[in-house]
$ cat query.pdb   # PDB, C-alpha atoms
ATOM      1  CA  MET K  28     -60.509  94.414 109.001
ATOM      2  CA  ALA K  29     -57.228  94.422 107.144
ATOM      3  CA  ALA K  30     -54.678  96.881 108.375
ATOM      4  CA  LYS K  31     -53.701  99.381 105.724
ATOM      5  CA  PRO K  32     -49.978  99.472 105.070
ATOM      6  CA  SER K  33     -48.252 102.789 105.413
ATOM      7  CA  SER K  34     -46.815 104.653 102.465
ATOM      8  CA  LYS K  35     -43.375 103.444 103.531
ATOM      9  CA  SER K  36     -42.281  99.945 102.627
ATOM     10  CA  TYR K  37     -42.851  97.543 105.499
ATOM     11  CA  SER K  38     -41.288  94.243 106.501
ATOM     12  CA  PHE K  39     -42.611  91.220 108.348
ATOM     13  CA  GLU K  40     -40.806  92.413 111.474
ATOM     14  CA  GLN K  41     -43.006  95.551 111.554
ATOM     15  CA  ILE K  42     -46.420  93.867 111.123
ATOM     16  CA  LYS K  43     -48.075  90.991 112.937
ATOM     17  CA  CYS K  44     -51.493  89.435 113.488
ATOM     18  CA  ARG K  45     -53.411  91.119 116.301
ATOM     19  CA  ASP K  46     -54.784  87.779 117.510
ATOM     20  CA  HIS K  47     -51.673  85.671 116.936
ATOM     21  CA  PRO K  48     -48.619  87.947 117.213
ATOM     22  CA  ASN K  49     -46.176  85.025 117.110
ATOM     23  CA  ALA K  50     -47.688  83.318 114.067
ATOM     24  CA  ASP K  51     -45.792  83.096 110.780
ATOM     25  CA  LEU K  52     -47.006  85.380 108.005
ATOM     26  CA  ILE K  53     -47.636  84.167 104.468
ATOM     27  CA  GLU K  54     -47.088  86.424 101.467
ATOM     28  CA  ASP K  55     -49.551  85.765  98.626
ATOM     29  CA  TYR K  56     -48.071  87.364  95.505
ATOM     30  CA  ARG K  57     -51.054  86.480  93.325
ATOM     31  CA  ALA K  58     -53.547  88.338  95.533
ATOM     32  CA  GLY K  59     -51.047  90.871  96.833
ATOM     33  CA  ASP K  60     -51.830  90.087 100.478
ATOM     34  CA  VAL K  61     -49.945  89.240 103.636
ATOM     35  CA  VAL K  62     -51.955  86.642 105.559
ATOM     36  CA  CYS K  63     -51.686  85.228 109.068
ATOM     37  CA  GLY K  64     -50.625  81.608 108.783
ATOM     38  CA  GLN K  65     -52.753  80.551 111.758
ATOM     39  CA  CYS K  66     -56.133  82.255 111.357
ATOM     40  CA  GLY K  67     -56.012  83.554 107.785
ATOM     41  CA  LEU K  68     -56.439  87.215 108.692
ATOM     42  CA  VAL K  69     -55.249  89.594 105.995
ATOM     43  CA  ILE K  70     -52.581  91.701 107.677
ATOM     44  CA  GLY K  71     -51.453  93.725 104.655
ATOM     45  CA  ASP K  72     -52.677  94.209 101.119
ATOM     46  CA  ARG K  73     -51.451  95.704  97.869
ATOM     47  CA  VAL K  74     -48.057  94.055  98.225
ATOM     48  CA  VAL K  75     -45.836  94.805  95.246
ATOM     49  CA  ASP K  76     -44.568  91.708  93.442
ATOM     50  CA  VAL K  77     -40.841  92.211  92.871
ATOM     51  CA  GLY K  78     -40.566  89.101  90.696
ATOM     52  CA  SER K  79     -40.211  89.036  86.925
ATOM     53  CA  GLU K  80     -43.111  90.294  84.854
ATOM     54  CA  TRP K  81     -42.978  87.331  82.501
ATOM     55  CA  ARG K  82     -42.222  83.665  82.873
ATOM     56  CA  THR K  83     -39.649  82.488  80.342
ATOM     57  CA  PHE K  84     -38.481  78.970  79.688
ATOM     58  CA  SER K  85     -35.229  77.861  78.109
ATOM     59  CA  ASN K  86     -36.963  75.463  75.681
ATOM     60  CA  GLU K  87     -39.292  78.092  74.222
ATOM     61  CA  LYS K  88     -38.760  78.722  70.512
ATOM     62  CA  ALA K  89     -40.868  81.838  70.198
ATOM     63  CA  GLN K  90     -39.236  84.659  68.251
ATOM     64  CA  SER K  91     -40.723  87.424  70.398
ATOM     65  CA  ASP K  92     -39.060  88.274  73.691
ATOM     66  CA  PRO K  93     -41.448  89.864  76.249
ATOM     67  CA  SER K  94     -38.557  91.132  78.366
ATOM     68  CA  ARG K  95     -38.525  94.922  78.632
ATOM     69  CA  VAL K  96     -34.896  95.270  79.681
ATOM     70  CA  GLY K  97     -31.577  94.300  78.193
ATOM     71  CA  ASN K  98     -28.527  92.629  79.677
ATOM     72  CA  ALA K  99     -26.987  93.760  82.936
ATOM     73  CA  GLU K 100     -24.849  96.863  82.667
ATOM     74  CA  ASN K 101     -21.191  96.080  82.074
ATOM     75  CA  PRO K 102     -18.929  98.995  83.062
ATOM     76  CA  LEU K 103     -15.990  97.383  81.255
ATOM     77  CA  MET K 104     -17.592  97.893  77.844
ATOM     78  CA  ASP K 105     -17.584 101.242  76.063
ATOM     79  CA  GLY K 106     -21.014 102.847  76.363
ATOM     80  CA  HIS K 107     -21.850 100.520  79.271
ATOM     81  CA  ASP K 108     -23.771  98.263  76.866
ATOM     82  CA  LEU K 109     -26.378 100.995  76.249
ATOM     83  CA  SER K 110     -26.579 100.152  72.581
ATOM     84  CA  THR K 111     -29.486  99.504  70.261
ATOM     85  CA  VAL K 112     -30.345  95.887  69.535
ATOM     86  CA  ILE K 113     -32.352  95.170  66.397
ATOM     87  CA  GLY K 114     -35.050  92.551  66.909
ATOM     88  CA  THR K 115     -36.740  90.156  64.504
ATOM     89  CA  VAL K 116     -39.522  91.522  62.322
ATOM     90  CA  ARG K 117     -41.958  89.015  60.798
ATOM     91  CA  GLY K 118     -39.434  86.204  60.874
ATOM     92  CA  ASP K 119     -36.718  88.191  59.057
ATOM     93  CA  ASP K 120     -33.710  88.536  61.348
ATOM     94  CA  THR K 121     -31.252  89.750  58.704
ATOM     95  CA  LEU K 122     -30.832  93.182  60.288
ATOM     96  CA  ARG K 123     -30.347  91.641  63.718
ATOM     97  CA  LYS K 124     -27.594  89.360  62.421
ATOM     98  CA  LEU K 125     -25.860  92.233  60.656
ATOM     99  CA  SER K 126     -26.010  94.327  63.827
ATOM    100  CA  ALA K 127     -24.477  91.510  65.884
ATOM    101  CA  ARG K 128     -21.720  90.968  63.329
ATOM    102  CA  HIS K 129     -20.586  94.579  63.272
ATOM    103  CA  PRO K 130     -20.127  95.983  66.805
ATOM    104  CA  SER K 131     -17.942  99.011  67.349
ATOM    105  CA  GLY K 132     -14.208  98.533  66.982
ATOM    106  CA  ALA K 133     -13.465  99.264  70.640
ATOM    107  CA  ASP K 134     -16.136  96.862  71.889
ATOM    108  CA  ARG K 135     -15.000  94.190  69.464
ATOM    109  CA  ALA K 136     -11.401  94.375  70.733
ATOM    110  CA  LEU K 137     -12.469  94.359  74.375
ATOM    111  CA  THR K 138     -14.890  91.482  73.895
ATOM    112  CA  SER K 139     -12.245  89.388  72.160
ATOM    113  CA  ALA K 140      -9.680  90.127  74.879
ATOM    114  CA  PHE K 141     -12.132  89.403  77.697
ATOM    115  CA  ARG K 142     -13.018  86.096  76.066
ATOM    116  CA  GLU K 143      -9.342  85.170  75.829
ATOM    117  CA  ILE K 144      -8.782  86.145  79.476
ATOM    118  CA  SER K 145     -11.753  84.020  80.518
ATOM    119  CA  ASN K 146     -10.421  81.031  78.566
ATOM    120  CA  MET K 147      -6.932  81.309  80.060
ATOM    121  CA  SER K 148      -8.320  81.765  83.576
ATOM    122  CA  GLY K 149     -10.550  78.741  83.197
ATOM    123  CA  ARG K 150      -7.625  76.542  82.185
ATOM    124  CA  LEU K 151      -5.630  77.773  85.195
ATOM    125  CA  TYR K 152      -8.620  77.426  87.571
ATOM    126  CA  LEU K 153      -8.424  81.083  88.634
ATOM    127  CA  THR K 154     -11.096  82.823  90.689
ATOM    128  CA  GLN K 155     -13.544  85.396  89.356
ATOM    129  CA  SER K 156     -11.860  88.173  91.355
ATOM    130  CA  ILE K 157      -8.656  87.606  89.375
ATOM    131  CA  VAL K 158     -10.606  87.659  86.103
ATOM    132  CA  ASN K 159     -12.300  90.946  87.041
ATOM    133  CA  ARG K 160      -9.015  92.583  88.008
ATOM    134  CA  CYS K 161      -7.380  91.376  84.802
ATOM    135  CA  ASN K 162     -10.256  92.760  82.708
ATOM    136  CA  THR K 163      -9.959  96.123  84.450
ATOM    137  CA  LEU K 164      -6.205  96.236  83.861
ATOM    138  CA  PHE K 165      -6.609  95.354  80.195
ATOM    139  CA  LYS K 166      -9.252  98.015  79.614
ATOM    140  CA  GLN K 167      -7.093 100.653  81.297
ATOM    141  CA  VAL K 168      -4.119  99.760  79.100
ATOM    142  CA  HIS K 169      -6.304  99.537  75.988
ATOM    143  CA  GLN K 170      -8.041 102.877  76.519
ATOM    144  CA  GLU K 171      -4.882 104.842  77.228
ATOM    145  CA  LYS K 172      -3.079 103.133  74.316
ATOM    146  CA  HIS K 173       0.108 102.564  76.265
ATOM    147  CA  LEU K 174       1.289  99.490  74.358
ATOM    148  CA  LYS K 175       0.916 100.360  70.699
ATOM    149  CA  GLY K 176       2.278  97.661  68.439
ATOM    150  CA  ARG K 177       1.740  94.862  70.950
ATOM    151  CA  THR K 178      -0.879  92.203  70.317
ATOM    152  CA  ASN K 179      -3.957  92.024  72.512
ATOM    153  CA  ASP K 180      -3.129  88.408  73.368
ATOM    154  CA  ALA K 181       0.260  89.414  74.767
ATOM    155  CA  ILE K 182      -1.249  92.312  76.732
ATOM    156  CA  ALA K 183      -4.016  90.081  78.102
ATOM    157  CA  SER K 184      -1.484  87.440  79.195
ATOM    158  CA  ALA K 185       0.670  90.048  80.943
ATOM    159  CA  CYS K 186      -2.389  91.544  82.652
ATOM    160  CA  LEU K 187      -3.352  88.081  83.877
ATOM    161  CA  PHE K 188       0.133  87.594  85.320
ATOM    162  CA  ILE K 189      -0.114  90.933  87.169
ATOM    163  CA  ALA K 190      -3.665  90.226  88.384
ATOM    164  CA  CYS K 191      -2.586  86.892  89.859
ATOM    165  CA  ARG K 192       0.223  88.614  91.776
ATOM    166  CA  GLN K 193      -2.046  91.387  93.037
ATOM    167  CA  GLU K 194      -4.687  88.887  94.177
ATOM    168  CA  SER K 195      -2.096  86.838  96.133
ATOM    169  CA  SER K 196      -2.454  83.867  93.798
ATOM    170  CA  ALA K 197       0.824  84.095  91.899
ATOM    171  CA  ARG K 198       1.447  82.081  88.759
ATOM    172  CA  THR K 199       4.769  81.626  86.990
ATOM    173  CA  PHE K 200       5.502  82.921  83.498
ATOM    174  CA  LYS K 201       5.636  79.314  82.312
ATOM    175  CA  GLU K 202       2.141  78.640  83.634
ATOM    176  CA  ILE K 203       0.750  81.744  81.906
ATOM    177  CA  CYS K 204       2.627  80.867  78.719
ATOM    178  CA  SER K 205       1.198  77.320  78.766
ATOM    179  CA  VAL K 206      -2.340  78.671  78.273
ATOM    180  CA  SER K 207      -1.421  81.688  76.125
ATOM    181  CA  LYS K 208      -0.894  82.079  72.399
ATOM    182  CA  VAL K 209       2.289  84.165  72.748
ATOM    183  CA  SER K 210       5.820  83.415  73.873
ATOM    184  CA  LYS K 211       7.190  83.780  77.372
ATOM    185  CA  LYS K 212       9.572  86.527  76.218
ATOM    186  CA  GLU K 213       6.745  88.612  74.744
ATOM    187  CA  ILE K 214       4.678  88.245  77.934
ATOM    188  CA  GLY K 215       7.674  89.407  79.971
ATOM    189  CA  ARG K 216       8.141  92.464  77.761
ATOM    190  CA  CYS K 217       4.499  93.468  78.043
ATOM    191  CA  PHE K 218       4.636  92.876  81.792
ATOM    192  CA  LYS K 219       7.439  95.413  82.219
ATOM    193  CA  LEU K 220       5.791  97.934  79.861
ATOM    194  CA  ILE K 221       2.459  97.737  81.706
ATOM    195  CA  LEU K 222       4.088  98.290  85.097
ATOM    196  CA  ARG K 223       5.919 101.314  83.723
ATOM    197  CA  ALA K 224       2.887 102.735  81.912
ATOM    198  CA  LEU K 225       0.458 102.341  84.815
ATOM    199  CA  GLU K 226       3.093 103.373  87.372
ATOM    200  CA  THR K 227       2.291 100.369  89.526
ATOM    201  CA  THR K 228       4.318  97.624  91.143
ATOM    202  CA  VAL K 229       3.853  94.027  92.209
ATOM    203  CA  ASP K 230       5.535  92.316  95.099
ATOM    204  CA  PRO K 231       8.426  90.091  94.016
ATOM    205  CA  ALA K 232       7.481  86.447  94.037
ATOM    206  CA  GLY K 233       9.132  84.033  96.408
ATOM    207  CA  ALA K 234       9.246  80.272  96.642
ATOM    208  CA  GLY K 235       6.612  80.319  99.392
ATOM    209  CA  ASP K 236       4.049  81.912  97.060
ATOM    210  CA  PHE K 237       3.887  78.729  94.994
ATOM    211  CA  MET K 238       4.788  76.064  97.545
ATOM    212  CA  ASN K 239       1.294  75.272  98.826
ATOM    213  CA  ARG K 240      -0.081  74.742  95.323
ATOM    214  CA  PHE K 241       2.880  72.674  94.152
ATOM    215  CA  CYS K 242       2.837  70.453  97.246
ATOM    216  CA  SER K 243      -0.917  70.022  96.978
ATOM    217  CA  ASN K 244      -0.624  68.921  93.347
ATOM    218  CA  LEU K 245       2.019  66.393  94.423
ATOM    219  CA  GLY K 246      -0.223  65.027  97.169
ATOM    220  CA  LEU K 247       2.161  65.986  99.985
ATOM    221  CA  SER K 248       0.956  66.539 103.531
ATOM    222  CA  LEU K 249       0.800  69.870 105.352
ATOM    223  CA  ARG K 250       3.835  68.903 107.451
ATOM    224  CA  ILE K 251       5.926  68.431 104.317
ATOM    225  CA  GLN K 252       4.607  71.707 102.871
ATOM    226  CA  LYS K 253       5.694  73.651 105.962
ATOM    227  CA  ALA K 254       9.113  71.992 105.885
ATOM    228  CA  ALA K 255       9.549  72.783 102.185
ATOM    229  CA  ILE K 256       8.605  76.447 102.732
ATOM    230  CA  HIS K 257      11.069  76.704 105.626
ATOM    231  CA  ILE K 258      13.826  75.092 103.550
ATOM    232  CA  ALA K 259      13.271  77.454 100.614
ATOM    233  CA  GLU K 260      13.150  80.578 102.765
ATOM    234  CA  LYS K 261      16.250  79.553 104.732
ATOM    235  CA  ALA K 262      18.120  78.749 101.522
ATOM    236  CA  ASN K 263      17.313  82.210 100.172
ATOM    237  CA  ARG K 264      18.469  83.894 103.389
ATOM    238  CA  LEU K 265      21.749  81.955 103.305
ATOM    239  CA  ASP K 266      22.083  82.659  99.566
ATOM    240  CA  LEU K 267      22.783  79.003  98.847
ATOM    241  CA  CYS K 268      21.461  79.154  95.287
ATOM    242  CA  PRO K 269      22.767  82.395  93.758
ATOM    243  CA  GLY K 270      21.414  83.046  90.299
ATOM    244  CA  LYS K 271      18.640  80.458  90.627
ATOM    245  CA  VAL K 272      15.041  81.524  90.030
ATOM    246  CA  TYR K 273      12.460  81.009  92.758
ATOM    247  CA  THR K 274      10.859  78.039  91.030
ATOM    248  CA  SER K 275      14.175  76.172  90.981
ATOM    249  CA  VAL K 276      14.674  76.778  94.709
ATOM    250  CA  ALA K 277      11.076  75.750  95.408
ATOM    251  CA  ALA K 278      11.473  72.521  93.411
ATOM    252  CA  ALA K 279      14.713  71.622  95.211
ATOM    253  CA  ALA K 280      13.137  72.376  98.607
ATOM    254  CA  ILE K 281      10.119  70.179  97.843
ATOM    255  CA  TYR K 282      12.381  67.366  96.668
ATOM    256  CA  MET K 283      14.526  67.610  99.826
ATOM    257  CA  ALA K 284      11.503  67.665 102.164
ATOM    258  CA  SER K 285       9.885  64.713 100.400
ATOM    259  CA  GLN K 286      13.091  62.660 100.592
ATOM    260  CA  ALA K 287      13.075  63.086 104.377
ATOM    261  CA  SER K 288       9.416  62.038 104.633
ATOM    262  CA  GLU K 289       7.563  58.817 104.023
ATOM    263  CA  THR K 290       6.118  60.267 100.783
ATOM    264  CA  LYS K 291       9.200  60.371  98.594
ATOM    265  CA  LYS K 292       8.978  62.034  95.194
ATOM    266  CA  THR K 293      11.416  61.745  92.329
ATOM    267  CA  GLN K 294      13.037  64.714  90.671
ATOM    268  CA  LYS K 295      10.972  64.082  87.554
ATOM    269  CA  GLU K 296       7.688  64.076  89.499
ATOM    270  CA  VAL K 297       8.586  67.367  91.164
ATOM    271  CA  GLY K 298       9.845  68.855  87.907
ATOM    272  CA  ASP K 299       6.665  67.986  86.006
ATOM    273  CA  VAL K 300       4.515  69.836  88.552
ATOM    274  CA  VAL K 301       6.775  72.844  89.117
ATOM    275  CA  GLY K 302       7.799  73.145  85.476
ATOM    276  CA  VAL K 303      11.527  72.807  86.094
ATOM    277  CA  ALA K 304      13.967  70.446  84.389
ATOM    278  CA  ASP K 305      15.515  67.586  86.343
ATOM    279  CA  VAL K 306      19.019  68.951  85.843
ATOM    280  CA  THR K 307      17.962  72.291  87.332
ATOM    281  CA  ILE K 308      16.549  70.592  90.432
ATOM    282  CA  ARG K 309      19.764  68.586  90.844
ATOM    283  CA  ALA K 310      21.899  71.703  90.594
ATOM    284  CA  ALA K 311      19.860  73.569  93.230
ATOM    285  CA  TYR K 312      19.704  70.494  95.483
ATOM    286  CA  ARG K 313      23.480  70.079  95.212
ATOM    287  CA  SER K 314      23.959  73.685  96.344
ATOM    288  CA  MET K 315      21.635  73.198  99.332
ATOM    289  CA  TYR K 316      22.859  69.746 100.343
ATOM    290  CA  PRO K 317      25.877  70.770 102.517
ATOM    291  CA  LYS K 318      23.573  72.889 104.740
ATOM    292  CA  ARG K 319      20.715  70.370 104.782
ATOM    293  CA  GLU K 320      20.660  70.008 108.576
ATOM    294  CA  GLU K 321      20.359  73.779 109.054
ATOM    295  CA  LEU K 322      17.587  74.127 106.473
ATOM    296  CA  PHE K 323      15.009  71.915 108.182
ATOM    297  CA  PRO K 324      12.783  73.424 110.918
ATOM    298  CA  GLU K 325      13.985  72.929 114.457
ATOM    299  CA  GLY K 326      12.265  70.061 116.241
ATOM    300  CA  ALA K 327      10.767  68.622 113.055
ATOM    301  CA  GLU K 328      10.806  64.839 113.030
ATOM    302  CA  PHE K 329      10.971  62.878 109.792
ATOM    303  CA  PRO K 330      11.459  59.176 109.055
ATOM    304  CA  THR K 331      14.770  60.043 107.373
ATOM    305  CA  ALA K 332      17.022  62.405 109.318
ATOM    306  CA  PRO K 333      18.329  65.398 107.299
ATOM    307  CA  LYS K 334      21.922  64.231 107.735
ATOM    308  CA  ASN K 335      20.993  60.909 106.095
ATOM    309  CA  LEU K 336      19.454  62.408 102.988
ATOM    310  CA  PRO K 337      20.738  60.875  99.757
ATOM    311  CA  PRO K 338      23.296  62.923  97.828
ATOM    312  CA  VAL K 339      22.720  63.816  94.221
TER
END

$ encode --input "query.pdb" --output "structure tokens"
Amino acid sequence: MAAKPSSKSYSFEQIKCRDHPNADLIEDYRAGDVVCGQCGLVIGDRVVDVGSEWRTFSNEKAQSDPSRVGNAENPLMDGHDLSTVIGTVRGDDTLRKLSARHPSGADRALTSAFREISNMSGRLYLTQSIVNRCNTLFKQVHQEKHLKGRTNDAIASACLFIACRQESSARTFKEICSVSKVSKKEIGRCFKLILRALETTVDPAGAGDFMNRFCSNLGLSLRIQKAAIHIAEKANRLDLCPGKVYTSVAAAAIYMASQASETKKTQKEVGDVVGVADVTIRAAYRSMYPKREELFPEGAEFPTAPKNLPPV
């Protein structure tokens, strides 16, 4: 006799075959039974199928959609996507097309901005967590109307820059500008306005925040990466490059570490990856060169000793 399941939902850990307690149980969704895999005894019946009510296939061309629910709720959209969608009636989908062409103004602006953020993030190979944070920042700025007169593209680019910093995956203004439709100066202005409007801050970027990615793109080993990070941080502590931005110091540190290793990189190769001109790398390297022996980590061994590094 089949055991009647209780009114509470049960799991396989709570039921077992009386004759074969260690046997695996088989769930038959079609019959709604839980069956012993060894003797075939029905252990439970009236199992609720939690699968989809209908089977749909991507190559079906039927106009009718048997699904009884809409898309997943999106809290970033106004109204949480609880809008009316007009379906096709007797092959005439004119009303449906008109409805899709004319969403609300707020949703239209958000959708366009989210699409632009997704495109920029994809070109920079950013994670979904950064995209989600950027979308949240943009919606907050858009709803409170803090940056009137600024384009949505500039606001979205600035939000992406902030999101990367907050998610510990910093990108430079040049990298954001390379995938954006607005200038670096406009992104910088929106960046400052957003921080002031939202009363938030981001940690200042250092050379170490970008070093791992830059060295990886150059194909340098972990030993060279650690040396380059140490060189950049020591150069900043000694204030060897006053007035130089962090990317210039990072580029010079990578160039110096690579020159001491067996994997030597030219200034142009480093500059192309970091986004810094050759002359800028030479200027920073020239400032760091007199203290080159102090900049390298203690005990680090390289094929070329720091004191024998080539001058500029």

$ residues_near_point --input "query.pdb" --point "(-7.9, 95.7, 82.1)" --cutoff "10 Å" --atoms "only C-alpha atoms" --output "JSON, numbers by chain"
{"K": [103, 137, 140, 141, 144, 158, 159, 160, 161, 162, 163, 164, 165, 166, 167, 168, 169, 170, 182, 183, 186, 187, 190]}

$ closest_residue --input "query.pdb" --among "K:Ala254, K:Leu174, K:Asp180, K:Ala197" --to "K:Leu220" --atoms "all atoms listed in the file"
K:Leu174

$ resolve_selection --input "query.pdb" --expression "the PyMOL selection byres ((chain K and resi 305-313) around 8)" --output "list in words"
Cys268, Lys271, Ser275, Val276, Ala278, Ala279, Ala280, Met283, Gln294, Lys295, Gly298, Val303, Ala304, Ser314, Met315, Tyr316, Pro317, Pro338 and Val339 of chain K

$ closest_residue --input "query.pdb" --among "K:Phe329, K:Tyr273, K:Thr178, K:Val301" --to "K:Ser139" --atoms "all atoms listed in the file"
K:Thr178

$ closest_residue --input "query.pdb" --among "K:Lys208, K:Arg216, K:Arg177, K:Arg250" --to "K:Glu328" --atoms "all atoms listed in the file"
K:Arg250

$ resolve_selection --input "query.pdb" --expression "the PyMOL selection byres ((chain K and resi 206) around 9)" --output "list in words"
Asn146, Met147, Ser148, Arg150, Leu151, Ser184, Lys201, Glu202, Ile203, Cys204, Ser205, Ser207 and Lys208 of chain K

$ resolve_selection --input "query.pdb" --expression "the PyMOL selection byres ((chain K and resi 52) around 12)" --output "VMD selection string"
chain K and resid 38 to 45 47 to 51 53 to 55 60 to 71

$ closest_atom_pairs --input "query.pdb" --of "stretch 131-208 of chain K" --to "stretch 224-229 of chain K" --cutoff "8 Å" --atoms "all atoms listed in the file" --output "JSON lines"
{"residue": "K:Val168", "atom": "CA", "partner": "K:Leu225", "partner_atom": "CA", "distance": 7.8}
{"residue": "K:His173", "atom": "CA", "partner": "K:Ala224", "partner_atom": "CA", "distance": 6.3}
{"residue": "K:Ile189", "atom": "CA", "partner": "K:Val229", "partner_atom": "CA", "distance": 7.1}
{"residue": "K:Arg192", "atom": "CA", "partner": "K:Val229", "partner_atom": "CA", "distance": 6.5}
{"residue": "K:Gln193", "atom": "CA", "partner": "K:Val229", "partner_atom": "CA", "distance": 6.5}

$ axis_aligned_box --input "query.pdb" --around "stretch 60-65 of chain K" --padding-each-side "8 Å" --output "JSON"
{"center_x": -51.3, "center_y": 85.3, "center_z": 106.1, "size_x": 18.8, "size_y": 25.5, "size_z": 27.3}

$ closest_residue --input "query.pdb" --among "K:Arg198, K:Arg319, K:Lys212, K:Arg57" --to "K:Tyr152" --atoms "all atoms listed in the file"
K:Arg198

$ atom_distance --input "query.pdb" --atom1 "atom CA of K:Gly246" --atom2 "atom CA of K:Glu296"
11.1 Å

$ closest_residue --input "query.pdb" --among "K:Glu320, K:Asp299, K:Glu260, K:Glu289" --to "K:Ala277" --atoms "all atoms listed in the file"
K:Glu260

$ atom_distance --input "query.pdb" --atom1 "atom CA of K:Cys217" --atom2 "atom CA of K:Gly270"
23.3 Å

$ atom_distance --input "query.pdb" --atom1 "atom CA of K:Val300" --atom2 "atom CA of K:Cys242"
8.9 Å

$ closest_residue --input "query.pdb" --among "K:Ala232, K:Leu265, K:Val297, K:Ala58" --to "K:Asn244" --atoms "only C-alpha atoms"
K:Val297

$ residues_around --input "query.pdb" --residues "K:Ile256" --least-positions-apart "3" --cutoff "9 Å" --atoms "all atoms listed in the file" --output "list in words"
Ala234, Gly235, Met238, Asn239, Ile251, Gln252, Lys253, Ala259, Glu260, Lys261, Ala277, Ala280 and Ile281 of chain K

$ residues_around --input "query.pdb" --residues "K:Gln286" --least-positions-apart "3" --cutoff "9 Å" --atoms "all atoms listed in the file" --output "list in words"
Ile281, Tyr282, Met283, Glu289, Thr290, Lys291, Lys292, Thr293, Thr331, Pro333, Leu336 and Pro337 of chain K

$ decode --input "query.pdb" --residues "stretch 200-205 of chain K" --atoms "all heavy atoms" --output "PDB file, in the first residue's frame"
ATOM      1  N   PHE K 200      40.212  56.435 -16.984  1.00  0.00           N
ATOM      2  CA  PHE K 200      39.308  57.261 -17.780  1.00  0.00           C
ATOM      3  C   PHE K 200      39.512  57.002 -19.274  1.00  0.00           C
ATOM      4  O   PHE K 200      38.558  57.028 -20.058  1.00  0.00           O
ATOM      5  CB  PHE K 200      39.542  58.743 -17.470  1.00  0.00           C
ATOM      6  CG  PHE K 200      38.797  59.242 -16.265  1.00  0.00           C
ATOM      7  CD1 PHE K 200      39.483  59.692 -15.153  1.00  0.00           C
ATOM      8  CD2 PHE K 200      37.408  59.248 -16.236  1.00  0.00           C
ATOM      9  CE1 PHE K 200      38.792  60.148 -14.043  1.00  0.00           C
ATOM     10  CE2 PHE K 200      36.722  59.703 -15.139  1.00  0.00           C
ATOM     11  CZ  PHE K 200      37.419  60.158 -14.027  1.00  0.00           C
ATOM     12  N   LYS K 201      40.748  56.735 -19.658  1.00  0.00           N
ATOM     13  CA  LYS K 201      41.018  56.468 -21.078  1.00  0.00           C
ATOM     14  C   LYS K 201      40.337  55.187 -21.534  1.00  0.00           C
ATOM     15  O   LYS K 201      39.824  55.110 -22.651  1.00  0.00           O
ATOM     16  CB  LYS K 201      42.531  56.385 -21.311  1.00  0.00           C
ATOM     17  CG  LYS K 201      43.221  57.735 -21.400  1.00  0.00           C
ATOM     18  CD  LYS K 201      44.660  57.576 -21.839  1.00  0.00           C
ATOM     19  CE  LYS K 201      45.319  58.931 -22.023  1.00  0.00           C
ATOM     20  NZ  LYS K 201      46.725  58.816 -22.492  1.00  0.00           N
ATOM     21  N   GLU K 202      40.335  54.173 -20.668  1.00  0.00           N
ATOM     22  CA  GLU K 202      39.691  52.912 -21.034  1.00  0.00           C
ATOM     23  C   GLU K 202      38.184  53.093 -21.163  1.00  0.00           C
ATOM     24  O   GLU K 202      37.562  52.540 -22.075  1.00  0.00           O
ATOM     25  CB  GLU K 202      40.012  51.841 -19.988  1.00  0.00           C
ATOM     26  CG  GLU K 202      41.452  51.362 -20.022  1.00  0.00           C
ATOM     27  CD  GLU K 202      41.747  50.345 -18.938  1.00  0.00           C
ATOM     28  OE1 GLU K 202      41.679  50.701 -17.753  1.00  0.00           O
ATOM     29  OE2 GLU K 202      42.046  49.189 -19.279  1.00  0.00           O
ATOM     30  N   ILE K 203      37.575  53.845 -20.235  1.00  0.00           N
ATOM     31  CA  ILE K 203      36.136  54.111 -20.335  1.00  0.00           C
ATOM     32  C   ILE K 203      35.844  54.944 -21.574  1.00  0.00           C
ATOM     33  O   ILE K 203      34.876  54.692 -22.307  1.00  0.00           O
ATOM     34  CB  ILE K 203      35.634  54.824 -19.064  1.00  0.00           C
ATOM     35  CG1 ILE K 203      35.860  53.954 -17.823  1.00  0.00           C
ATOM     36  CG2 ILE K 203      34.158  55.161 -19.202  1.00  0.00           C
ATOM     37  CD1 ILE K 203      35.079  52.672 -17.789  1.00  0.00           C
ATOM     38  N   CYS K 204      36.687  55.933 -21.832  1.00  0.00           N
ATOM     39  CA  CYS K 204      36.478  56.812 -22.988  1.00  0.00           C
ATOM     40  C   CYS K 204      36.616  56.043 -24.299  1.00  0.00           C
ATOM     41  O   CYS K 204      35.945  56.378 -25.287  1.00  0.00           O
ATOM     42  CB  CYS K 204      37.482  57.962 -22.931  1.00  0.00           C
ATOM     43  SG  CYS K 204      37.255  59.205 -24.211  1.00  0.00           S
ATOM     44  N   SER K 205      37.453  54.999 -24.320  1.00  0.00           N
ATOM     45  CA  SER K 205      37.667  54.242 -25.557  1.00  0.00           C
ATOM     46  C   SER K 205      36.426  53.475 -26.001  1.00  0.00           C
ATOM     47  O   SER K 205      36.303  53.133 -27.179  1.00  0.00           O
ATOM     48  CB  SER K 205      38.838  53.270 -25.370  1.00  0.00           C
ATOM     49  OG  SER K 205      38.512  52.269 -24.427  1.00  0.00           O
TER      50      SER K 205
END
